[in-house]
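S.K.: See coords27.pdb below, with PDB, C-alpha atoms.
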```pdb
ATOM      1  CA  MET A 385      17.717 -17.615   1.267
ATOM      2  CA  SER A 386      18.242 -16.146  -2.191
ATOM      3  CA  GLN A 387      19.583 -12.629  -2.378
ATOM      4  CA  LEU A 388      17.151  -9.951  -3.482
ATOM      5  CA  ARG A 389      17.541  -6.184  -3.648
ATOM      6  CA  ALA A 390      14.901  -3.473  -3.576
ATOM      7  CA  TYR A 391      16.207  -2.406  -6.994
ATOM      8  CA  ASP A 392      15.309  -5.824  -8.393
ATOM      9  CA  LEU A 393      11.608  -5.149  -7.792
ATOM     10  CA  ARG A 394      11.529  -2.058 -10.003
ATOM     11  CA  GLY A 395      11.179  -4.072 -13.188
ATOM     12  CA  ALA A 396       7.917  -5.605 -11.975
ATOM     13  CA  THR A 397       6.277  -2.380 -10.797
ATOM     14  CA  GLU A 398       7.522  -0.348 -13.754
ATOM     15  CA  SER A 399       6.237  -2.959 -16.205
ATOM     16  CA  ALA A 400       2.818  -2.972 -14.531
ATOM     17  CA  ALA A 401       2.666   0.836 -14.428
ATOM     18  CA  ARG A 402       3.608   1.178 -18.094
ATOM     19  CA  ALA A 403       0.989  -1.406 -19.096
ATOM     20  CA  ALA A 404      -1.703   0.313 -17.035
ATOM     21  CA  TYR A 405      -0.783   3.731 -18.418
ATOM     22  CA  GLU A 406      -2.526   3.012 -21.717
ATOM     23  CA  GLY A 407      -5.801   2.651 -19.808
ATOM     24  CA  ILE A 408      -5.692   6.062 -18.117
ATOM     25  CA  GLY A 409      -8.928   7.945 -18.687
ATOM     26  CA  ARG A 410     -10.246   5.456 -21.255
ATOM     27  CA  GLY A 411     -12.911   4.043 -18.946
ATOM     28  CA  ASP A 412     -11.998   0.396 -19.631
ATOM     29  CA  LEU A 413     -11.200  -0.707 -16.106
ATOM     30  CA  ALA A 414     -10.969  -4.429 -16.856
ATOM     31  CA  ALA A 415      -8.497  -4.022 -19.714
ATOM     32  CA  ALA A 416      -6.148  -1.748 -17.757
ATOM     33  CA  ASP A 417      -6.216  -4.086 -14.766
ATOM     34  CA  ARG A 418      -5.644  -7.160 -16.927
ATOM     35  CA  ASP A 419      -2.700  -5.579 -18.729
ATOM     36  CA  ALA A 420      -1.038  -4.488 -15.471
ATOM     37  CA  ILE A 421      -1.453  -7.950 -13.929
ATOM     38  CA  ALA A 422      -0.005  -9.704 -16.973
ATOM     39  CA  ALA A 423       2.969  -7.334 -17.154
ATOM     40  CA  MET A 424       3.866  -7.709 -13.474
ATOM     41  CA  HIS A 425       3.487 -11.483 -13.663
ATOM     42  CA  GLN A 426       5.800 -11.743 -16.658
ATOM     43  CA  SER A 427       8.419  -9.524 -15.027
ATOM     44  CA  LEU A 428       8.362 -11.528 -11.792
ATOM     45  CA  ARG A 429       8.806 -14.769 -13.711
ATOM     46  CA  GLN A 430      11.779 -13.303 -15.558
ATOM     47  CA  LEU A 431      13.261 -12.261 -12.216
ATOM     48  CA  GLY A 432      13.391 -15.938 -11.309
ATOM     49  CA  LEU A 433      11.995 -15.651  -7.791
ATOM     50  CA  ALA A 434      11.184 -18.762  -5.801
ATOM     51  CA  ALA A 435       8.156 -17.189  -4.154
ATOM     52  CA  MET A 436       4.524 -17.531  -3.132
ATOM     53  CA  VAL A 437       1.895 -14.848  -3.676
ATOM     54  CA  LEU A 438       0.552 -14.358  -0.153
ATOM     55  CA  ILE A 439      -1.841 -11.574  -1.160
ATOM     56  CA  GLY A 440      -2.464 -11.058  -4.856
ATOM     57  CA  LYS A 441      -5.299  -9.882  -7.088
ATOM     58  CA  GLY A 442      -7.801 -12.322  -5.654
ATOM     59  CA  PRO A 443      -8.530 -16.067  -5.476
ATOM     60  CA  LYS A 444      -7.611 -18.339  -8.359
ATOM     61  CA  SER A 445     -11.250 -18.391  -9.470
ATOM     62  CA  GLU A 446     -11.081 -14.632 -10.194
ATOM     63  CA  THR A 447      -7.686 -14.131 -11.851
ATOM     64  CA  PRO A 448      -5.533 -16.467 -13.970
ATOM     65  CA  VAL A 449      -2.234 -15.212 -12.527
ATOM     66  CA  LEU A 450      -1.017 -13.430  -9.381
ATOM     67  CA  TYR A 451      -3.781 -15.090  -7.368
ATOM     68  CA  HIS A 452      -3.535 -15.799  -3.642
ATOM     69  CA  GLY A 453      -1.274 -18.798  -3.133
ATOM     70  CA  GLU A 454       0.286 -18.878  -6.609
ATOM     71  CA  ARG A 455       3.824 -20.274  -6.662
ATOM     72  CA  LEU A 456       6.424 -18.559  -8.807
ATOM     73  CA  GLY A 457       9.573 -20.357  -9.857
ATOM     74  CA  ASP A 458      10.200 -24.064  -9.363
ATOM     75  CA  SER A 459       7.329 -25.365  -7.214
ATOM     76  CA  ALA A 460       9.544 -28.271  -6.126
ATOM     77  CA  ARG A 461      11.835 -25.812  -4.323
ATOM     78  CA  PRO A 462      10.937 -24.123  -1.037
ATOM     79  CA  ALA A 463       9.628 -20.580  -1.490
ATOM     80  CA  HIS A 464      12.229 -18.012  -0.459
ATOM     81  CA  TRP A 465       9.804 -15.103  -0.397
ATOM     82  CA  ASP A 466       6.181 -14.224   0.291
ATOM     83  CA  LEU A 467       4.763 -11.594  -2.066
ATOM     84  CA  VAL A 468       2.127  -8.938  -1.431
ATOM     85  CA  LEU A 469       1.195  -7.039  -4.560
ATOM     86  CA  ASP A 470      -1.236  -4.775  -6.319
ATOM     87  CA  PRO A 471      -0.340  -4.119  -9.980
ATOM     88  CA  MET A 472      -2.827  -1.238 -10.087
ATOM     89  CA  GLU A 473      -3.619   0.238  -6.668
ATOM     90  CA  GLY A 474      -6.446   2.716  -7.180
ATOM     91  CA  THR A 475      -7.927   0.680 -10.032
ATOM     92  CA  SER A 476     -11.391   2.246 -10.233
ATOM     93  CA  PHE A 477      -9.960   5.752 -10.217
ATOM     94  CA  LEU A 478      -7.339   5.061 -12.879
ATOM     95  CA  ALA A 479     -10.078   4.430 -15.411
ATOM     96  CA  SER A 480     -11.326   7.976 -14.798
ATOM     97  CA  GLY A 481      -7.839   9.495 -14.883
ATOM     98  CA  MET A 482      -7.787  10.370 -11.161
ATOM     99  CA  THR A 483      -4.727  10.701  -8.928
ATOM    100  CA  ASN A 484      -2.627   8.396  -6.754
ATOM    101  CA  ALA A 485      -2.766   5.215  -8.882
ATOM    102  CA  MET A 486       0.396   3.120  -8.391
ATOM    103  CA  ALA A 487       1.798  -0.331  -9.081
ATOM    104  CA  CYS A 488       2.959  -1.817  -5.755
ATOM    105  CA  LEU A 489       4.958  -4.862  -4.692
ATOM    106  CA  ALA A 490       6.458  -6.045  -1.404
ATOM    107  CA  VAL A 491       8.426  -9.157  -0.474
ATOM    108  CA  ALA A 492       9.353 -10.738   2.847
ATOM    109  CA  PRO A 493      10.746 -14.060   4.103
ATOM    110  CA  PRO A 494       8.090 -16.797   4.323
ATOM    111  CA  GLY A 495       5.848 -16.729   7.380
ATOM    112  CA  THR A 496       6.863 -13.252   8.552
ATOM    113  CA  LEU A 497       3.789 -11.325   7.385
ATOM    114  CA  PHE A 498       0.283 -11.163   8.839
ATOM    115  CA  ASP A 499      -2.300 -12.860   6.639
ATOM    116  CA  PRO A 500      -5.695 -11.083   6.800
ATOM    117  CA  GLY A 501      -7.369 -14.082   5.197
ATOM    118  CA  PRO A 502     -10.937 -13.244   4.092
ATOM    119  CA  ALA A 503     -10.820  -9.750   5.641
ATOM    120  CA  PHE A 504     -10.692  -7.369   2.691
ATOM    121  CA  PHE A 505     -10.952  -4.184   4.778
ATOM    122  CA  MET A 506      -9.095  -2.917   7.838
ATOM    123  CA  GLU A 507      -9.158   0.293   9.854
ATOM    124  CA  LYS A 508      -5.724   1.943   9.991
ATOM    125  CA  LEU A 509      -3.719   4.494  11.904
ATOM    126  CA  VAL A 510      -0.328   5.593  10.576
ATOM    127  CA  VAL A 511       1.980   8.159  12.216
ATOM    128  CA  PRO A 512       5.559   9.355  11.512
ATOM    129  CA  PRO A 513       8.718   8.236  13.356
ATOM    130  CA  ALA A 514       8.572  11.102  15.883
ATOM    131  CA  ALA A 515       5.191   9.806  17.087
ATOM    132  CA  LYS A 516       6.117   6.120  17.186
ATOM    133  CA  GLY A 517       4.809   4.556  20.411
ATOM    134  CA  LYS A 518       3.126   7.807  21.437
ATOM    135  CA  VAL A 519      -0.339   7.528  19.851
ATOM    136  CA  ASP A 520      -2.858   4.949  21.077
ATOM    137  CA  PRO A 521      -5.103   3.620  18.277
ATOM    138  CA  THR A 522      -7.777   2.659  20.828
ATOM    139  CA  ALA A 523      -8.083   6.234  22.127
ATOM    140  CA  PRO A 524     -10.822   8.633  20.955
ATOM    141  CA  ILE A 525      -9.917  10.791  17.949
ATOM    142  CA  LYS A 526      -9.466  13.913  20.090
ATOM    143  CA  GLU A 527      -6.907  12.151  22.307
ATOM    144  CA  ARG A 528      -5.061  10.695  19.327
ATOM    145  CA  LEU A 529      -4.704  14.159  17.837
ATOM    146  CA  ARG A 530      -3.606  15.667  21.145
ATOM    147  CA  ASP A 531      -0.879  13.049  21.567
ATOM    148  CA  LEU A 532       0.160  13.338  17.916
ATOM    149  CA  GLY A 533       0.510  17.103  18.277
ATOM    150  CA  LEU A 534       2.621  16.735  21.405
ATOM    151  CA  ALA A 535       4.887  14.194  19.686
ATOM    152  CA  LEU A 536       5.357  16.397  16.624
ATOM    153  CA  ASN A 537       5.520  19.661  18.596
ATOM    154  CA  LYS A 538       2.568  21.008  16.613
ATOM    155  CA  PRO A 539      -0.683  22.582  17.790
ATOM    156  CA  ILE A 540      -3.695  20.509  16.797
ATOM    157  CA  ASP A 541      -4.896  23.152  14.355
ATOM    158  CA  GLN A 542      -1.721  22.637  12.298
ATOM    159  CA  LEU A 543      -2.101  18.861  11.973
ATOM    160  CA  VAL A 544      -3.158  17.461   8.590
ATOM    161  CA  ILE A 545      -4.782  14.007   8.547
ATOM    162  CA  PHE A 546      -5.144  11.938   5.367
ATOM    163  CA  VAL A 547      -8.553  10.259   5.044
ATOM    164  CA  LEU A 548      -9.946   8.454   2.009
ATOM    165  CA  GLU A 549     -12.949  10.326   0.623
ATOM    166  CA  LYS A 550     -15.601   7.667   1.261
ATOM    167  CA  PRO A 551     -19.147   7.830   2.691
ATOM    168  CA  ARG A 552     -18.032   5.579   5.565
ATOM    169  CA  HIS A 553     -15.638   8.290   6.730
ATOM    170  CA  ARG A 554     -18.114  11.149   7.097
ATOM    171  CA  ASP A 555     -18.270  10.821  10.870
ATOM    172  CA  LEU A 556     -14.485  10.412  11.148
ATOM    173  CA  VAL A 557     -13.925  13.602   9.157
ATOM    174  CA  VAL A 558     -16.345  15.513  11.397
ATOM    175  CA  ARG A 559     -14.593  14.268  14.548
ATOM    176  CA  ILE A 560     -11.151  15.223  13.234
ATOM    177  CA  GLN A 561     -12.307  18.670  12.212
ATOM    178  CA  THR A 562     -14.259  19.186  15.453
ATOM    179  CA  ALA A 563     -11.061  18.440  17.366
ATOM    180  CA  GLY A 564      -9.411  21.256  15.399
ATOM    181  CA  ALA A 565      -7.210  19.402  12.883
ATOM    182  CA  ARG A 566      -7.356  19.613   9.095
ATOM    183  CA  VAL A 567      -8.384  16.786   6.789
ATOM    184  CA  SER A 568      -6.776  16.003   3.425
ATOM    185  CA  GLN A 569      -9.205  13.839   1.439
ATOM    186  CA  TYR A 570      -8.493  11.917  -1.746
ATOM    187  CA  PRO A 571     -10.798   9.423  -3.509
ATOM    188  CA  ALA A 572      -7.951   6.918  -3.859
ATOM    189  CA  GLY A 573      -4.419   6.387  -2.628
ATOM    190  CA  ASP A 574      -4.584   4.196   0.463
ATOM    191  CA  VAL A 575      -0.922   3.195   0.172
ATOM    192  CA  ALA A 576       0.275   6.682  -0.788
ATOM    193  CA  GLY A 577      -1.539   8.256   2.150
ATOM    194  CA  SER A 578      -0.019   5.798   4.605
ATOM    195  CA  LEU A 579       3.485   6.343   3.282
ATOM    196  CA  MET A 580       3.132  10.121   3.299
ATOM    197  CA  ALA A 581       2.034   9.897   6.939
ATOM    198  CA  SER A 582       5.262   8.123   7.830
ATOM    199  CA  ILE A 583       7.545  10.604   6.037
ATOM    200  CA  PRO A 584       8.515  13.646   8.157
ATOM    201  CA  GLN A 585       7.627  17.053   6.689
ATOM    202  CA  SER A 586       5.575  15.453   3.909
ATOM    203  CA  GLY A 587       2.567  17.674   4.575
ATOM    204  CA  ILE A 588       0.603  14.727   6.004
ATOM    205  CA  ASP A 589       0.884  14.116   9.769
ATOM    206  CA  ALA A 590      -1.188  10.914  10.058
ATOM    207  CA  MET A 591      -3.456   8.612   8.116
ATOM    208  CA  MET A 592      -6.760   7.385   9.580
ATOM    209  CA  GLY A 593      -9.718   5.395   8.344
ATOM    210  CA  THR A 594     -10.726   2.105   6.758
ATOM    211  CA  GLY A 595      -9.212   0.846   3.523
ATOM    212  CA  GLY A 596      -8.146  -2.369   1.845
ATOM    213  CA  SER A 597      -6.265  -5.071   3.762
ATOM    214  CA  PRO A 598      -3.824  -5.790   0.891
ATOM    215  CA  GLU A 599      -3.001  -2.081   0.713
ATOM    216  CA  GLY A 600      -2.624  -2.035   4.489
ATOM    217  CA  LEU A 601      -0.036  -4.796   4.505
ATOM    218  CA  LEU A 602       1.866  -3.204   1.607
ATOM    219  CA  ALA A 603       1.971   0.080   3.512
ATOM    220  CA  ALA A 604       2.907  -1.554   6.813
ATOM    221  CA  ILE A 605       6.038  -3.055   5.238
ATOM    222  CA  ALA A 606       7.157   0.328   3.922
ATOM    223  CA  VAL A 607       6.210   2.195   7.106
ATOM    224  CA  LYS A 608       8.213  -0.200   9.277
ATOM    225  CA  ASN A 609      11.305   0.282   7.126
ATOM    226  CA  MET A 610      10.918   4.057   7.337
ATOM    227  CA  GLY A 611      10.581   4.062  11.130
ATOM    228  CA  GLY A 612       6.944   5.114  11.369
ATOM    229  CA  ASP A 613       4.144   3.423  13.287
ATOM    230  CA  PHE A 614       1.265   1.450  11.771
ATOM    231  CA  PHE A 615      -1.775  -0.011  13.514
ATOM    232  CA  CYS A 616      -4.756  -1.838  12.058
ATOM    233  CA  ARG A 617      -8.001  -3.496  13.108
ATOM    234  CA  LEU A 618      -9.882  -5.865  10.819
ATOM    235  CA  ASP A 619     -13.016  -4.006   9.757
ATOM    236  CA  PRO A 620     -15.114  -6.110   7.345
ATOM    237  CA  LEU A 621     -17.660  -3.954   5.530
ATOM    238  CA  LEU A 622     -19.416  -6.378   3.194
ATOM    239  CA  ALA A 623     -21.984  -8.951   4.371
ATOM    240  CA  MET A 624     -20.183 -11.925   2.812
ATOM    241  CA  GLU A 625     -16.863 -10.616   4.122
ATOM    242  CA  ARG A 626     -18.252 -10.294   7.673
ATOM    243  CA  LYS A 627     -19.547 -13.861   7.550
ATOM    244  CA  ALA A 628     -16.243 -15.225   6.215
ATOM    245  CA  VAL A 629     -14.262 -13.374   8.889
ATOM    246  CA  ALA A 630     -16.619 -14.631  11.614
ATOM    247  CA  ASP A 631     -16.460 -18.210  10.282
ATOM    248  CA  ALA A 632     -12.653 -17.983  10.345
ATOM    249  CA  GLY A 633     -12.767 -16.901  13.997
ATOM    250  CA  MET A 634     -10.798 -13.739  13.307
ATOM    251  CA  ASP A 635     -10.692 -10.893  15.851
ATOM    252  CA  THR A 636     -12.255  -7.636  14.644
ATOM    253  CA  GLU A 637     -11.932  -5.754  17.925
ATOM    254  CA  SER A 638      -8.206  -5.760  18.704
ATOM    255  CA  TRP A 639      -5.678  -3.415  17.100
ATOM    256  CA  LEU A 640      -2.541  -4.988  15.647
ATOM    257  CA  GLY A 641       0.824  -3.225  15.619
ATOM    258  CA  LEU A 642       3.896  -3.668  13.449
ATOM    259  CA  ASP A 643       5.195  -6.410  15.742
ATOM    260  CA  ARG A 644       2.271  -8.561  14.572
ATOM    261  CA  LEU A 645       2.032  -7.365  10.990
ATOM    262  CA  VAL A 646       5.665  -7.467   9.819
ATOM    263  CA  ARG A 647       7.868  -9.811  11.846
ATOM    264  CA  THR A 648      11.098  -9.246   9.926
ATOM    265  CA  ASP A 649      13.659  -6.582   9.076
ATOM    266  CA  GLN A 650      14.242  -8.080   5.618
ATOM    267  CA  ALA A 651      11.036  -6.970   3.897
ATOM    268  CA  LEU A 652      11.317  -4.818   0.765
ATOM    269  CA  PHE A 653       8.797  -2.491  -0.882
ATOM    270  CA  CYS A 654       8.605  -0.868  -4.301
ATOM    271  CA  ALA A 655       5.969   1.315  -5.955
ATOM    272  CA  THR A 656       5.818   3.009  -9.360
ATOM    273  CA  GLY A 657       3.480   5.909 -10.103
ATOM    274  CA  ILE A 658       0.834   5.502 -12.795
ATOM    275  CA  THR A 659      -1.041   8.769 -12.272
ATOM    276  CA  SER A 660       0.539  11.624 -10.314
ATOM    277  CA  GLY A 661      -0.422  11.930  -6.668
ATOM    278  CA  LEU A 662       0.819  12.780  -3.217
ATOM    279  CA  LEU A 663       3.730  10.358  -3.235
ATOM    280  CA  LEU A 664       4.919   9.847  -6.814
ATOM    281  CA  ASP A 665       4.747  11.422 -10.236
ATOM    282  CA  GLY A 666       2.724   9.484 -12.752
ATOM    283  CA  ILE A 667       4.025   8.356 -16.100
ATOM    284  CA  ARG A 668       4.883  11.397 -18.201
ATOM    285  CA  PRO A 669       5.202  11.345 -21.980
ATOM    286  CA  GLU A 670       8.378  13.037 -23.179
ATOM    287  CA  SER A 671       9.956  13.507 -26.577
ATOM    288  CA  GLY A 672      10.706  10.063 -27.924
ATOM    289  CA  GLY A 673       9.516   8.211 -24.825
ATOM    290  CA  PHE A 674       8.230   8.662 -21.304
ATOM    291  CA  LYS A 675       9.423   9.157 -17.732
ATOM    292  CA  VAL A 676       8.571   6.782 -14.853
ATOM    293  CA  GLN A 677       9.097   7.412 -11.133
ATOM    294  CA  SER A 678       9.494   4.693  -8.484
ATOM    295  CA  MET A 679       9.977   4.578  -4.728
ATOM    296  CA  LEU A 680      12.150   1.889  -3.124
ATOM    297  CA  VAL A 681      12.028   1.106   0.590
ATOM    298  CA  GLY A 682      14.132  -1.345   2.577
ATOM    299  CA  GLY A 683      17.409  -3.173   2.109
ATOM    300  CA  GLU A 684      20.087  -1.118   0.366
ATOM    301  CA  ALA A 685      17.463   1.589  -0.308
ATOM    302  CA  GLN A 686      17.043   2.393   3.413
ATOM    303  CA  PRO A 687      15.150   4.304   4.465
ATOM    304  CA  ARG A 688      13.780   5.167   1.015
ATOM    305  CA  GLN A 689      14.846   6.274  -2.443
ATOM    306  CA  ILE A 690      12.952   7.934  -5.290
ATOM    307  CA  LEU A 691      14.296   6.963  -8.717
ATOM    308  CA  ASN A 692      13.399   8.222 -12.184
ATOM    309  CA  SER A 693      13.626   6.083 -15.301
ATOM    310  CA  TRP A 694      13.271   7.004 -18.964
ATOM    311  CA  PHE A 695      11.998   4.595 -21.606
ATOM    312  CA  ALA A 696      11.884   4.933 -25.367
ATOM    313  CA  LYS A 697       8.538   4.484 -27.084
ATOM    314  CA  GLY A 698       7.745   1.125 -28.579
TER     315      GLY A 698
END
```
Output the file's structure in the form of structure tokens.

M.R.:
Amino acid sequence: MSQLRAYDLRGATESAARAAYEGIGRGDLAAADRDAIAAMHQSLRQLGLAAMVLIGKGPKSETPVLYHGERLGDSARPAHWDLVLDPMEGTSFLASGMTNAMACLAVAPPGTLFDPGPAFFMEKLVVPPAAKGKVDPTAPIKERLRDLGLALNKPIDQLVIFVLEKPRHRDLVVRIQTAGARVSQYPAGDVAGSLMASIPQSGIDAMMGTGGSPEGLLAAIAVKNMGGDFFCRLDPLLAMERKAVADAGMDTESWLGLDRLVRTDQALFCATGITSGLLLDGIRPESGGFKVQSMLVGGEAQPRQILNSWFAKG
């Protein structure tokens, strides 16, 4: 298997973030997304990976590059890596200038990652290393919070739970607050919220709720490397998605743990901030250029590293 370092992935996420930056607050969602996709694709090709895009920006009918199943490098050679990527996580919110938008990329040896297939959404539970193996995702919210508090040596009223600010989570928010914990809600940042939940003393003690499956797998790779715990249950929300999941015979009742989601210790993760959020600073203009911040997880970057880069304009 070809050698690959977490540092090698920075070029792809930084290129995508810098391309997307021009679209911040301009309201042209399609252009920002297209530019980020093209920049990441070009950078990955220059990296010379022999890889397959396991989860990309959609099927081939929807995107010309970085589609599900695309082969990078010499297609006559076996793929050395499976890729999971999102050149602009938090796409709809980037166009409005909101927080937590990032360019994300993860790689793993072929066949070692769970493939959610047509399931675009999954329910998730993420907890930090101190709570690993101590919180049952099938338990009621009140019991989850009780066990989380015991594991972290915190009273429930000091726990902070990250939940995406979506109409589907109204009942979840009420149950968390009724149990006595606090809720930190953001309109975007599925990956950032999951990673913050796995970092001790981050200010976030757990992440709960339903979000994207691609974002879930990206986060699971990083969370495993950082020693946290990640659980998910396929939770299709759209009518066509529910039918496709049912036709594929996929289980929407059982919770999957990291032993099913990431079956390797060689997976790598990298994210670069586009707009500032919980996890990373966004791109910041500075005299003569701009500053970019990235997070590397896995490999020589264990458990994680935050790196700043400066680029000249032009």

S.K.: Run through the PyMOL selection byres ((chain A and resi 402-410) around 9) on the given coordinates and return the selected residues as a ChimeraX atom specification.

M.R.: /A:397-401,411-413,415-424,471-472,477-482,487,658-659,666-667,676

S.K.: What is the distance between atom CA of Pro620 of chain A and atom CA of Met506 of chain A, in Å to one decimal?

M.R.: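 Pair atom CA of Pro620 of chain A / atom CA of Met506 of chain A returns 6.8 Å.
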
S.K.: Can you pull out the residues contacting Val437 of chain A? Cut-off 12 Å, using all atoms listed in the file, and skip same-chain residues under 2 positions away; I want them as a ChimeraX atom specification.

M.R.: /A:425,428,433-435,439-444,449-457,463-470,489-495,497,499,598

S.K.: Which residues would end up in the selection if the PyMOL selection byres ((chain A and resi 597) around 8) were applied here, given that I need the answer as a PyMOL selection string?

M.R.: chain A and resi 500+503-506+595-596+598-601+618

S.K.: Asn609 of chain A: which residues within 7 Å, counting only C-alpha atoms, same-chain residues fewer than 2 positions away excluded, as a list in words?

M.R.: Ile605, Ala606, Val607, Gly611, Val681, Gly682 and Pro687 of chain A

S.K.: Assuming the chain letters and numbering stay as they are in my file, what does the PyMOL selection byres ((chain A and resi 640) around 7) actually select? List them as a list in words.

M.R.: Phe615, Cys616, Arg617, Ser638, Trp639, Gly641, Leu642, Arg644 and Leu645 of chain A

S.K.: Take the residues from that selection and put them in a file with C-alpha atoms, as an mmCIF file, in the coordinates of the input.

M.R.:
```cif
data_model
loop_
_atom_site.group_PDB
_atom_site.id
_atom_site.type_symbol
_atom_site.label_atom_id
_atom_site.label_comp_id
_atom_site.auth_asym_id
_atom_site.auth_seq_id
_atom_site.Cartn_x
_atom_site.Cartn_y
_atom_site.Cartn_z
ATOM 1 C CA PHE A 615 -1.775 -0.011 13.514
ATOM 2 C CA CYS A 616 -4.756 -1.838 12.058
ATOM 3 C CA ARG A 617 -8.001 -3.496 13.108
ATOM 4 C CA SER A 638 -8.206 -5.760 18.704
ATOM 5 C CA TRP A 639 -5.678 -3.415 17.100
ATOM 6 C CA GLY A 641 0.824 -3.225 15.619
ATOM 7 C CA LEU A 642 3.896 -3.668 13.449
ATOM 8 C CA ARG A 644 2.271 -8.561 14.572
ATOM 9 C CA LEU A 645 2.032 -7.365 10.990
#
```

S.K.: Centre and edge lengths, as JSON, for the axis-aligned box enclosing every listed atom of segment 484-497 of chain A with 6 Å of padding on each of the six sides, in Å to one decimal?

M.R.:
```
{"center_x": 4.0, "center_y": -4.2, "center_z": -0.3, "size_x": 25.5, "size_y": 37.2, "size_z": 29.6}
```

S.K.: Would you please work out which residue, of A:Ile690, A:Ala576, A:Ala581, A:Met610, is nearest to Ala485 of chain A when using all atoms listed in the file?

M.R.: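 Ranking A:Ile690, A:Ala576, A:Ala581, A:Met610 by distance to Ala485 of chain A, first place goes to A:Ala576.
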
S.K.: How far is it from atom CA of Pro584 of chain A to atom CA of Pro512 of chain A, in Å with one decimal?

M.R.: 6.2 Å

S.K.: Which residue gives the smallest distance to Ser586 of chain A among A:Cys488, A:Gly474, A:Ala535, A:Phe546, with only C-alpha atoms counted?

M.R.: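 Under the stated criterion, the closest residue is A:Phe546.
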
S.K.: Give the answer as one residue: which of A:Asp520, A:Asp574, A:Asp531, A:Glu549 has the shortest atom-to-atom distance to Leu663 of chain A, using all atoms listed in the file?

M.R.: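 When distances to Leu663 of chain A are compared using all atoms listed in the file, the smallest one comes from A:Asp574.
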
S.K.: Around (-10.9, 22.0, 15.2), as given in the file, which residues come within 12 Å? Count all atoms listed in the file and list them as a list in words.

M.R.: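 Every residue inside that radius is included here: Ile525, Lys526, Leu529, Arg530, Pro539, Ile540, Asp541, Gln542, Leu543, Val544, Val557, Val558, Arg559, Ile560, Gln561, Thr562, Ala563, Gly564, Ala565, Arg566 and Val567 of chain A.
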
S.K.: Let me make sure I understand: among A:Leu579, A:Ala685, A:Leu662, A:Leu534, which one has the smallest atom-to-atom distance to Gln650 of chain A if we use only C-alpha atoms?

M.R.: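 Smallest separation from Gln650 of chain A among the options: A:Ala685.
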
S.K.: Any idea what's packed within 8 Å of Gly672 of chain A, counting all atoms listed in the file, ignoring anything in its chain fewer than 2 positions away? Could you give it as a list of chain:residue names?

M.R.: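 Once the adjacent positions are removed, what remains is A:Glu670, A:Phe674, A:Ala696, A:Lys697.
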
S.K.: Which distance in Å separates atom CA of Glu684 of chain A and atom CA of Lys608 of chain A, to one decimal?

M.R.: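 Atom-to-atom, atom CA of Glu684 of chain A and atom CA of Lys608 of chain A are spaced 14.9 Å apart.
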